[in-house]
$ cat target.tsv   # TSV, C-alpha atoms
chain	number	residue	atom	x	y	z
A	250	MET	CA	48.94	-2.11	-51.59
A	251	PRO	CA	46.28	-4.83	-51.09
A	252	LEU	CA	43.20	-4.61	-53.30
A	253	PRO	CA	41.02	-1.77	-51.91
A	254	ASP	CA	37.31	-1.98	-51.19
A	255	VAL	CA	36.64	1.23	-53.14
A	256	ASP	CA	38.43	2.92	-56.03
A	257	VAL	CA	37.80	6.67	-56.20
A	258	VAL	CA	38.51	8.51	-59.46
A	259	ILE	CA	39.26	12.24	-59.42
A	260	PRO	CA	40.07	13.94	-62.75
A	261	VAL	CA	41.90	17.26	-62.54
A	262	HIS	CA	42.43	19.62	-65.45
A	263	THR	CA	44.53	22.48	-64.06
A	264	PRO	CA	47.05	22.86	-61.21
A	265	SER	CA	44.82	25.57	-59.71
A	266	ARG	CA	42.19	23.06	-58.57
A	267	PRO	CA	42.16	22.22	-54.81
A	268	ILE	CA	43.03	18.58	-55.40
A	269	GLU	CA	44.58	18.09	-51.96
A	270	ARG	CA	41.24	18.94	-50.30
A	271	ALA	CA	39.40	16.38	-52.41
A	272	VAL	CA	41.92	13.59	-51.85
A	273	ARG	CA	42.23	14.23	-48.13
A	274	SER	CA	38.45	13.95	-47.73
A	275	VAL	CA	38.50	10.52	-49.41
A	276	LEU	CA	41.25	9.27	-47.13
A	277	ALA	CA	39.25	10.34	-44.05
A	278	ASN	CA	37.49	6.96	-44.02
A	279	THR	CA	38.27	3.58	-42.47
A	280	VAL	CA	37.21	1.49	-45.48
A	281	ALA	CA	40.17	0.44	-47.65
A	282	VAL	CA	40.28	3.01	-50.44
A	283	ARG	CA	42.54	3.92	-53.33
A	284	VAL	CA	42.42	7.38	-54.90
A	285	THR	CA	43.28	7.66	-58.59
A	286	VAL	CA	44.00	11.25	-59.58
A	287	VAL	CA	44.00	11.64	-63.37
A	288	ALA	CA	46.04	14.63	-64.54
A	289	HIS	CA	44.21	15.54	-67.73
A	290	ASN	CA	46.07	17.61	-70.33
A	291	THR	CA	48.13	19.14	-67.55
A	292	ASN	CA	51.49	18.42	-65.97
A	293	ALA	CA	51.22	15.40	-63.70
A	294	ASP	CA	54.24	16.50	-61.65
A	295	ALA	CA	52.53	19.82	-60.89
A	296	ILE	CA	49.39	17.97	-59.77
A	297	ALA	CA	51.48	15.66	-57.57
A	298	ALA	CA	53.18	18.69	-56.04
A	299	ASN	CA	49.76	20.15	-55.17
A	300	LEU	CA	48.98	16.98	-53.25
A	301	ALA	CA	51.78	17.87	-50.82
A	302	ASP	CA	52.41	14.98	-48.40
A	303	LEU	CA	49.53	12.98	-49.88
A	304	ALA	CA	51.54	12.37	-53.06
A	305	ASP	CA	53.50	9.69	-51.15
A	306	HIS	CA	50.46	8.10	-49.54
A	307	PRO	CA	50.23	4.39	-50.44
A	308	GLY	CA	46.53	4.79	-51.25
A	309	VAL	CA	47.07	7.61	-53.77
A	310	ARG	CA	48.27	7.39	-57.36
A	311	VAL	CA	48.54	9.99	-60.10
A	312	LEU	CA	47.91	8.93	-63.68
A	313	SER	CA	48.49	11.11	-66.72
A	314	LEU	CA	46.16	11.43	-69.69
A	315	GLN	CA	47.22	13.75	-72.49
A	316	ASP	CA	44.51	13.39	-75.12
A	317	GLY	CA	44.13	17.04	-76.14
A	318	ILE	CA	40.34	16.79	-75.73
A	319	SER	CA	38.50	19.29	-73.54
A	320	SER	CA	36.04	16.85	-71.99
A	321	PRO	CA	35.83	15.27	-68.54
A	322	ALA	CA	34.78	11.95	-70.12
A	323	GLY	CA	38.35	10.97	-71.05
A	324	PRO	CA	39.96	11.24	-67.61
A	325	MET	CA	36.90	9.78	-65.85
A	326	ASN	CA	37.04	6.75	-68.14
A	327	HIS	CA	40.80	6.48	-67.80
A	328	GLY	CA	40.42	6.25	-64.03
A	329	ILE	CA	37.55	3.77	-64.22
A	330	ASP	CA	39.59	1.63	-66.62
A	331	ALA	CA	42.25	1.39	-63.90
A	332	ALA	CA	39.77	0.49	-61.13
A	333	GLU	CA	39.99	-2.98	-59.58
A	334	ALA	CA	38.01	-2.70	-56.34
A	335	PRO	CA	34.52	-4.18	-55.89
A	336	TYR	CA	33.09	-0.64	-55.85
A	337	PHE	CA	34.07	2.58	-57.58
A	338	CYS	CA	33.17	6.22	-57.09
A	339	VAL	CA	33.86	9.47	-58.97
A	340	LEU	CA	34.61	12.83	-57.38
A	341	GLY	CA	35.09	16.29	-58.86
A	342	SER	CA	38.44	17.91	-58.14
A	343	ASP	CA	36.67	20.98	-56.69
A	344	ASP	CA	34.50	18.86	-54.41
A	345	GLU	CA	34.99	16.73	-51.32
A	346	LEU	CA	33.27	14.12	-49.19
A	347	ASP	CA	31.92	14.69	-45.73
A	348	PRO	CA	33.94	12.74	-43.12
A	349	GLY	CA	32.96	9.08	-43.12
A	350	ALA	CA	30.92	9.29	-46.33
A	351	LEU	CA	32.59	6.32	-48.00
A	352	ASP	CA	32.31	4.27	-44.83
A	353	SER	CA	28.57	4.95	-44.71
A	354	TRP	CA	27.96	4.24	-48.41
A	355	HIS	CA	30.01	1.04	-48.24
A	356	THR	CA	28.08	-0.16	-45.19
A	357	VAL	CA	24.80	0.43	-47.03
A	358	ALA	CA	26.06	-1.40	-50.14
A	359	VAL	CA	27.28	-4.44	-48.22
A	360	SER	CA	24.28	-4.68	-45.90
A	361	THR	CA	21.65	-4.32	-48.65
A	362	GLY	CA	23.41	-5.82	-51.66
A	363	ALA	CA	22.80	-2.57	-53.53
A	364	THR	CA	24.44	-2.22	-56.92
A	365	THR	CA	24.24	1.58	-56.59
A	366	VAL	CA	24.22	3.71	-53.44
A	367	ILE	CA	22.93	7.24	-53.98
A	368	PRO	CA	24.34	9.78	-51.50
A	369	ARG	CA	23.00	12.98	-50.08
A	370	VAL	CA	24.44	15.91	-52.02
A	371	ARG	CA	24.95	19.39	-50.70
A	372	VAL	CA	26.34	22.39	-52.57
A	373	GLU	CA	27.85	24.87	-50.15
A	374	GLN	CA	25.10	25.28	-47.54
A	375	SER	CA	22.19	23.96	-49.62
A	376	VAL	CA	21.08	20.32	-49.63
A	377	GLU	CA	20.06	19.01	-53.04
A	378	THR	CA	16.51	17.67	-53.05
A	379	THR	CA	16.94	15.35	-56.01
A	380	PRO	CA	15.98	12.70	-56.68
A	381	PRO	CA	12.45	13.42	-55.38
A	382	THR	CA	11.97	9.93	-53.99
A	383	ARG	CA	8.97	8.64	-52.11
A	384	ARG	CA	9.04	10.02	-48.58
A	385	GLY	CA	11.51	8.20	-46.38
A	386	ARG	CA	12.41	5.65	-49.04
A	387	THR	CA	15.99	4.34	-48.67
A	388	ARG	CA	16.06	0.79	-50.09
A	389	ASP	CA	15.00	-0.87	-53.34
A	390	LEU	CA	14.32	2.41	-55.07
A	391	ASP	CA	12.26	2.32	-58.24
A	392	PRO	CA	13.37	4.52	-61.17
A	393	VAL	CA	9.80	5.64	-61.92
A	394	LYS	CA	8.21	5.75	-58.47
A	395	ASP	CA	11.30	7.44	-56.99
A	396	ARG	CA	12.01	9.62	-60.05
A	397	LEU	CA	15.68	8.64	-60.15
A	398	PHE	CA	16.23	10.38	-63.49
A	399	TYR	CA	16.46	13.70	-61.63
A	400	ARG	CA	19.82	12.56	-60.25
A	401	CYS	CA	21.83	13.23	-63.39
A	402	MET	CA	25.35	12.69	-62.03
A	403	PRO	CA	26.66	9.22	-61.10
A	404	LEU	CA	27.67	10.19	-57.59
A	405	GLY	CA	27.92	7.66	-54.79
A	406	LEU	CA	29.04	4.04	-54.83
A	407	ILE	CA	28.70	1.76	-57.86
A	408	ASP	CA	29.13	-2.02	-57.92
A	409	ARG	CA	31.92	-2.70	-60.42
A	410	SER	CA	30.87	-6.33	-60.99
A	411	ARG	CA	27.47	-5.11	-62.20
A	412	PHE	CA	28.35	-1.80	-63.83
A	413	GLY	CA	32.07	-2.04	-64.51
A	414	HIS	CA	31.37	-1.61	-68.23
A	415	LEU	CA	29.82	1.84	-67.83
A	416	ARG	CA	31.79	4.78	-69.15
A	417	PHE	CA	31.16	8.48	-69.63
A	418	THR	CA	30.21	9.21	-73.24
A	419	PRO	CA	33.28	10.40	-75.16
A	420	GLY	CA	33.07	13.12	-77.78
A	421	LEU	CA	30.32	15.16	-76.13
A	422	ALA	CA	30.81	18.81	-75.20
A	423	SER	CA	28.24	18.38	-72.41
A	424	GLY	CA	25.97	15.71	-70.99
A	425	GLU	CA	28.71	13.09	-70.99
A	426	ASP	CA	27.32	11.64	-67.74
A	427	LEU	CA	23.67	11.35	-68.85
A	428	GLU	CA	23.97	8.08	-70.76
A	429	PHE	CA	25.88	6.66	-67.77
A	430	THR	CA	23.16	7.50	-65.26
A	431	ALA	CA	20.35	6.61	-67.65
A	432	GLU	CA	21.67	3.05	-67.87
A	433	LEU	CA	22.07	2.95	-64.08
A	434	TRP	CA	18.41	3.80	-63.59
A	435	PHE	CA	16.99	1.90	-66.57
A	436	THR	CA	18.80	-1.36	-65.79
A	437	GLY	CA	19.85	-1.14	-62.13
A	438	SER	CA	18.53	-3.22	-59.28
A	439	ARG	CA	18.63	-2.93	-55.50
A	440	ILE	CA	19.31	0.80	-55.65
A	441	ALA	CA	19.77	2.33	-52.20
A	442	TYR	CA	19.72	5.91	-50.90
A	443	ASP	CA	21.93	6.85	-47.96
A	444	ARG	CA	19.40	9.52	-47.11
A	445	ASN	CA	20.76	10.53	-43.71
A	446	GLY	CA	24.44	9.69	-44.09
A	447	PRO	CA	27.44	11.96	-44.72
A	448	ALA	CA	27.12	13.85	-47.99
A	449	TYR	CA	28.93	14.43	-51.22
A	450	PHE	CA	29.94	18.09	-50.77
A	451	GLY	CA	29.97	20.03	-54.02
A	452	HIS	CA	31.72	23.39	-54.10
A	453	ASP	CA	30.52	26.09	-56.48
A	454	ASP	CA	33.58	28.31	-56.44
A	455	ALA	CA	35.23	27.27	-59.71
A	456	THR	CA	35.13	29.87	-62.49
A	457	ASP	CA	35.93	27.60	-65.45
A	458	ARG	CA	33.35	24.83	-65.28
A	459	VAL	CA	32.32	23.84	-68.80
A	460	THR	CA	28.70	23.43	-67.67
A	461	ARG	CA	28.40	27.22	-67.46
A	462	THR	CA	29.14	27.65	-71.16
A	463	VAL	CA	26.24	28.23	-73.57
A	464	ARG	CA	26.83	25.82	-76.43
A	465	PRO	CA	24.91	25.01	-79.62
A	466	LEU	CA	21.73	23.10	-78.80
A	467	ALA	CA	22.84	20.19	-80.97
A	468	GLU	CA	25.80	19.71	-78.61
A	469	ASP	CA	23.74	20.06	-75.43
A	470	PHE	CA	21.24	17.41	-76.53
A	471	ALA	CA	23.48	15.03	-78.47
A	472	PHE	CA	23.03	12.54	-75.63
A	473	LEU	CA	19.40	11.96	-76.68
A	474	ASP	CA	20.27	10.11	-79.87
A	475	ILE	CA	22.92	8.09	-78.04
A	476	VAL	CA	20.48	6.96	-75.34
A	477	ALA	CA	17.71	6.28	-77.88
A	478	ALA	CA	20.02	3.92	-79.80
A	479	ARG	CA	20.77	1.73	-76.77
A	480	PRO	CA	19.00	-1.67	-76.67
A	481	TRP	CA	18.02	-1.18	-73.04
A	482	TYR	CA	16.18	2.01	-73.97
A	483	ALA	CA	14.30	0.43	-76.86
A	484	ALA	CA	13.26	-2.44	-74.58
A	485	ALA	CA	12.20	-0.22	-71.68
A	486	ARG	CA	8.66	0.10	-70.43
A	487	THR	CA	6.64	3.10	-71.56
A	488	ASP	CA	6.50	4.56	-68.05
A	489	LEU	CA	10.30	4.45	-67.79
A	490	ARG	CA	10.78	6.25	-71.09
A	491	ARG	CA	8.10	8.80	-70.19
A	492	ALA	CA	9.74	9.55	-66.82
A	493	PHE	CA	13.07	10.04	-68.60
A	494	GLY	CA	11.47	12.41	-71.12
A	495	VAL	CA	9.64	14.51	-68.53
A	496	LYS	CA	12.87	15.13	-66.65
A	497	ASN	CA	14.68	16.15	-69.84
A	498	LEU	CA	11.93	18.57	-70.78
A	499	ARG	CA	11.47	20.02	-67.30
A	500	VAL	CA	15.15	20.35	-66.45
A	501	HIS	CA	17.44	20.36	-69.49
A	502	LEU	CA	15.15	21.94	-72.08
A	503	MET	CA	13.83	24.70	-69.81
A	504	ASP	CA	17.37	25.44	-68.65
A	505	ALA	CA	18.36	25.71	-72.32
A	506	VAL	CA	15.50	28.15	-72.92
A	507	ALA	CA	16.53	30.32	-69.96
A	508	ALA	CA	20.18	30.33	-71.07
A	509	ARG	CA	19.23	31.67	-74.50
A	510	LEU	CA	16.96	34.53	-73.49
A	511	GLU	CA	19.91	36.92	-73.72
A	512	ALA	CA	21.79	35.04	-76.43
A	513	PRO	CA	22.83	36.77	-79.69
A	514	GLY	CA	19.80	37.19	-81.92
A	515	GLY	CA	17.40	36.87	-79.01
A	516	ILE	CA	15.20	33.92	-78.17
A	517	GLU	CA	13.55	34.07	-81.60
A	518	ALA	CA	16.81	32.95	-83.22
A	519	HIS	CA	16.72	29.75	-81.16
A	520	SER	CA	12.99	29.05	-80.89
A	521	ALA	CA	12.66	26.62	-83.81
A	522	GLU	CA	15.61	24.58	-82.63
A	523	LEU	CA	14.29	24.47	-79.05
A	524	LEU	CA	10.91	23.26	-80.27
A	525	ALA	CA	12.64	20.62	-82.40
A	526	VAL	CA	14.38	19.31	-79.26
A	527	ALA	CA	11.02	19.18	-77.44
A	528	ALA	CA	9.55	17.21	-80.34
A	529	ARG	CA	12.55	14.85	-80.32
A	530	ILE	CA	12.06	14.14	-76.61
A	531	GLU	CA	8.33	13.53	-77.12
A	532	ARG	CA	9.06	11.00	-79.87
A	533	MET	CA	11.46	9.17	-77.57
A	534	SER	CA	9.11	9.41	-74.59
A	535	PRO	CA	5.48	9.56	-75.77
A	536	GLY	CA	3.23	11.42	-73.37
A	537	ALA	CA	6.01	13.40	-71.69
A	538	ILE	CA	4.85	16.86	-72.80
A	539	ALA	CA	1.37	16.23	-71.39
A	540	LEU	CA	2.88	15.90	-67.91
A	541	LEU	CA	4.53	19.32	-67.93
A	542	ALA	CA	3.22	22.18	-65.83
A	543	ARG	CA	0.98	24.74	-67.50
A	544	ALA	CA	3.83	27.24	-67.22
A	545	ASP	CA	6.16	24.96	-69.18
A	546	ARG	CA	3.53	24.42	-71.84
A	547	LYS	CA	3.10	28.18	-72.11
A	548	VAL	CA	6.84	28.49	-72.74
A	549	LEU	CA	6.53	26.06	-75.64
A	550	VAL	CA	3.50	27.93	-77.01
A	551	GLU	CA	5.37	31.23	-76.81
A	552	LEU	CA	8.36	29.71	-78.62
A	553	GLY	CA	6.02	28.65	-81.41
A	554	GLY	CA	4.62	32.16	-81.93
A	555	SER	CA	5.57	34.45	-84.77
A	556	ALA	CA	7.53	36.75	-82.44
A	557	PRO	CA	8.43	34.97	-79.17
A	558	SER	CA	8.66	37.37	-76.24
A	559	ALA	CA	11.62	36.92	-73.88
A	560	GLU	CA	9.69	38.84	-71.21
A	561	GLN	CA	6.69	36.49	-71.44
A	562	ILE	CA	8.94	33.45	-71.32
A	563	ARG	CA	10.66	34.78	-68.19
A	564	THR	CA	7.23	35.22	-66.59
A	565	HIS	CA	6.29	31.63	-67.38
A	566	LEU	CA	9.63	30.27	-66.17
A	567	THR	CA	9.21	32.16	-62.90
A	568	ALA	CA	5.70	30.74	-62.49
A	569	ARG	CA	7.14	27.21	-62.53
A	570	TRP	CA	8.37	27.71	-58.96
A	571	GLY	CA	5.82	30.18	-57.65
A	572	GLY	CA	3.42	27.70	-56.09
A	573	GLY	CA	0.46	28.83	-58.19
A	574	PRO	CA	-1.70	26.69	-60.48
A	575	ASP	CA	0.50	27.28	-63.54
A	576	GLY	CA	3.44	25.76	-61.71
A	577	ARG	CA	1.55	22.84	-60.15
A	578	LEU	CA	-1.15	21.78	-62.61
A	579	THR	CA	-1.01	20.20	-66.05
A	580	ALA	CA	-2.95	21.47	-69.05
A	581	ASN	CA	-5.18	18.42	-68.73
A	582	PRO	CA	-6.34	18.65	-65.10
A	583	PHE	CA	-6.88	14.89	-64.92
A	584	LEU	CA	-3.10	14.40	-65.26
A	585	SER	CA	-2.21	16.81	-62.45
A	586	LEU	CA	-1.85	14.02	-59.85
A	587	HIS	CA	0.27	11.78	-62.09
A	588	ARG	CA	3.48	10.70	-60.35
A	589	GLN	CA	5.63	12.49	-62.95
A	590	ALA	CA	3.49	15.64	-63.05
A	591	PRO	CA	4.73	18.75	-61.22
A	592	TYR	CA	2.46	18.68	-58.17
A	593	ARG	CA	3.72	15.37	-56.75
A	594	THR	CA	7.27	15.78	-58.04
A	595	LEU	CA	7.75	19.22	-56.49
A	596	ARG	CA	5.99	18.12	-53.28
A	597	ASP	CA	8.48	15.29	-52.84
A	598	MET	CA	11.39	17.70	-53.33
A	599	LEU	CA	10.43	19.46	-50.10
A	600	PRO	CA	12.51	18.56	-47.02

$ encode --input "target.tsv" --output "structure tokens"
Amino acid sequence: MPLPDVDVVIPVHTPSRPIERAVRSVLANTVAVRVTVVAHNTNADAIAANLADLADHPGVRVLSLQDGISSPAGPMNHGIDAAEAPYFCVLGSDDELDPGALDSWHTVAVSTGATTVIPRVRVEQSVETTPPTRRGRTRDLDPVKDRLFYRCMPLGLIDRSRFGHLRFTPGLASGEDLEFTAELWFTGSRIAYDRNGPAYFGHDDATDRVTRTVRPLAEDFAFLDIVAARPWYAAARTDLRRAFGVKNLRVHLMDAVAARLEAPGGIEAHSAELLAVAARIERMSPGAIALLARADRKVLVELGGSAPSAEQIRTHLTARWGGGPDGRLTANPFLSLHRQAPYRTLRDMLP
């Protein structure tokens, strides 16, 4: 077939995934598209059979990758390696695109010269409110002012001439997409947001997603050392590194705390390691901890006690979203209106 305008990569790990739904949603666009389905450590013929009539579509190809590694990085990278179009896009095998999504993203990219087009994302009936951009902002987004680090997955359209070198980080049990998106936001230009266009539609009905597994903290946060070692991170402005750190503390670290409240040995068995991660993030992103909500700071204080209480930590984690002062204000009240502090960040997450 002629060179497409967009290459879409869809890794699939088991024949039970609804791959036909995902592929059919990509083909429901008028822009010239090619879908690369990567059968990862599974029988490629079985995956092709699940595509039904789409297996013979000229815009669909099935590649096989048998690497024996249980990570989505390998098949994502295998598909990106095979991309040739000016733009590429990744899609989960459980997910789909709203009708016309690629047409809309491509129009935005061509009309604005954007190197990255961020889409709306909805999961089932809920619309994701990240990134918490400035109200109404759709063009020339700024990674700090528009808090792009809260969009952790590289969804949408990516200019291959600018970012064709980007790959998912191999060898990680989780967080394989975080280095990818960090470089997009740290080094990108002319970033656009298709705020009102058709969405990336994520389904939450899979029972074997690796992101639901509680792993050792060293595995969950291995991406930090990888990002810190990149030249673009070392050269970044302080406000960029601080914004990156605040997001990691507020999202990834607090999620890790919540996931370990009922872990073997209780939260006390993990408290020292959790605090070490917080300290690692602060060293990478000086000033990040100061921009956390009071409730988050109270979680860290509780973790540092002689006998951390899971009940107290649950109370503090709940207060993060309760709308009260502990969820909106920083420990230093003069920092409460900082762009990366909770008050403005949570305000801009509202519809």

$ atom_distance --input "target.tsv" --atom1 "atom CA of Asp316 of chain A" --atom2 "atom CA of Asn290 of chain A"
6.6 Å

$ residues_around --input "target.tsv" --residues "His587 of chain A" --least-positions-apart "2" --cutoff "12 Å" --atoms "only C-alpha atoms" --output "compact mmCIF listing (two decimals) with C-alpha atoms, in the coordinates of the input"
# COMPACT_ATOMS: atom_id res chain seq x y z
CA VAL A 393 9.80 5.64 -61.92
CA LYS A 394 8.21 5.75 -58.47
CA ASP A 488 6.50 4.56 -68.05
CA ARG A 491 8.10 8.80 -70.19
CA ALA A 492 9.74 9.55 -66.82
CA VAL A 495 9.64 14.51 -68.53
CA GLY A 536 3.23 11.42 -73.37
CA ALA A 537 6.01 13.40 -71.69
CA ALA A 539 1.37 16.23 -71.39
CA LEU A 540 2.88 15.90 -67.91
CA LEU A 541 4.53 19.32 -67.93
CA ALA A 542 3.22 22.18 -65.83
CA ARG A 577 1.55 22.84 -60.15
CA LEU A 578 -1.15 21.78 -62.61
CA THR A 579 -1.01 20.20 -66.05
CA ASN A 581 -5.18 18.42 -68.73
CA PRO A 582 -6.34 18.65 -65.10
CA PHE A 583 -6.88 14.89 -64.92
CA LEU A 584 -3.10 14.40 -65.26
CA SER A 585 -2.21 16.81 -62.45
CA GLN A 589 5.63 12.49 -62.95
CA ALA A 590 3.49 15.64 -63.05
CA PRO A 591 4.73 18.75 -61.22
CA TYR A 592 2.46 18.68 -58.17
CA ARG A 593 3.72 15.37 -56.75
CA THR A 594 7.27 15.78 -58.04
CA LEU A 595 7.75 19.22 -56.49

$ atom_distance --input "target.tsv" --atom1 "atom CA of Asp474 of chain A" --atom2 "atom CA of Tyr442 of chain A"
29.3 Å

$ closest_residue --input "target.tsv" --among "A:Met402, A:Val506, A:Ile562, A:Ile407" --to "Val463 of chain A" --atoms "only C-alpha atoms"
A:Val506

$ residues_around --input "target.tsv" --residues "Arg396 of chain A" --least-positions-apart "5" --cutoff "10 Å" --atoms "only C-alpha atoms" --output "JSON list (two decimals) with C-alpha atoms, in the frame of the given file"
[["chain", "number", "residue", "atom", "x", "y", "z"],
["A", 379, "THR", "CA", 16.94, 15.35, -56.01],
["A", 380, "PRO", "CA", 15.98, 12.70, -56.68],
["A", 381, "PRO", "CA", 12.45, 13.42, -55.38],
["A", 382, "THR", "CA", 11.97, 9.93, -53.99],
["A", 383, "ARG", "CA", 8.97, 8.64, -52.11],
["A", 390, "LEU", "CA", 14.32, 2.41, -55.07],
["A", 391, "ASP", "CA", 12.26, 2.32, -58.24],
["A", 434, "TRP", "CA", 18.41, 3.80, -63.59],
["A", 489, "LEU", "CA", 10.30, 4.45, -67.79],
["A", 492, "ALA", "CA", 9.74, 9.55, -66.82],
["A", 493, "PHE", "CA", 13.07, 10.04, -68.60],
["A", 496, "LYS", "CA", 12.87, 15.13, -66.65],
["A", 588, "ARG", "CA", 3.48, 10.70, -60.35],
["A", 589, "GLN", "CA", 5.63, 12.49, -62.95],
["A", 594, "THR", "CA", 7.27, 15.78, -58.04],
["A", 597, "ASP", "CA", 8.48, 15.29, -52.84]]

$ residues_around --input "target.tsv" --residues "Pro574 of chain A" --least-positions-apart "6" --cutoff "9 Å" --atoms "all atoms listed in the file" --output "list in words"
Ala542, Arg543, Ala544 and Ala568 of chain A

$ closest_residue --input "target.tsv" --among "A:Thr418, A:Gly576, A:Leu523, A:Val258" --to "Val550 of chain A" --atoms "all atoms listed in the file"
A:Leu523

$ residues_around --input "target.tsv" --residues "Gln561 of chain A" --least-positions-apart "3" --cutoff "12 Å" --atoms "only C-alpha atoms" --output "NGL selection string"
:A and (507 or 510 or 516 or 544-545 or 547-552 or 554 or 556-558 or 564-568)

$ atom_distance --input "target.tsv" --atom1 "atom CA of Leu404 of chain A" --atom2 "atom CA of Arg490 of chain A"
22.0 Å

$ closest_residue --input "target.tsv" --among "A:Leu346, A:Leu340, A:Met598, A:Ala422" --to "Glu377 of chain A" --atoms "all atoms listed in the file"
A:Met598

$ residues_around --input "target.tsv" --residues "segment 299-302 of chain A" --least-positions-apart "4" --cutoff "12 Å" --atoms "all atoms listed in the file" --output "ChimeraX atom specification"
/A:261,263-273,284,286,288,292-295,306-307,309-311,342

$ axis_aligned_box --input "target.tsv" --around "segment 484-490 of chain A" --padding-each-side "5 Å" --output "JSON"
{"center_x": 9.9, "center_y": 1.9, "center_z": -71.2, "size_x": 16.8, "size_y": 18.7, "size_z": 16.8}

$ closest_residue --input "target.tsv" --among "A:Asp347, A:Asp443, A:Glu517, A:Glu432" --to "Tyr482 of chain A" --atoms "only C-alpha atoms"
A:Glu432

$ residues_near_point --input "target.tsv" --point "(17.7, 0.4, -55.8)" --cutoff "9 Å" --atoms "all atoms listed in the file" --output "list in words"
Ala363, Thr364, Thr365, Val366, Ile367, Thr387, Arg388, Asp389, Leu390, Asp391, Pro392, Trp434, Gly437, Ser438, Arg439, Ile440, Ala441 and Tyr442 of chain A

$ closest_residue --input "target.tsv" --among "A:Asp426, A:Glu373, A:Asp344, A:Asp453" --to "Asn326 of chain A" --atoms "only C-alpha atoms"
A:Asp426
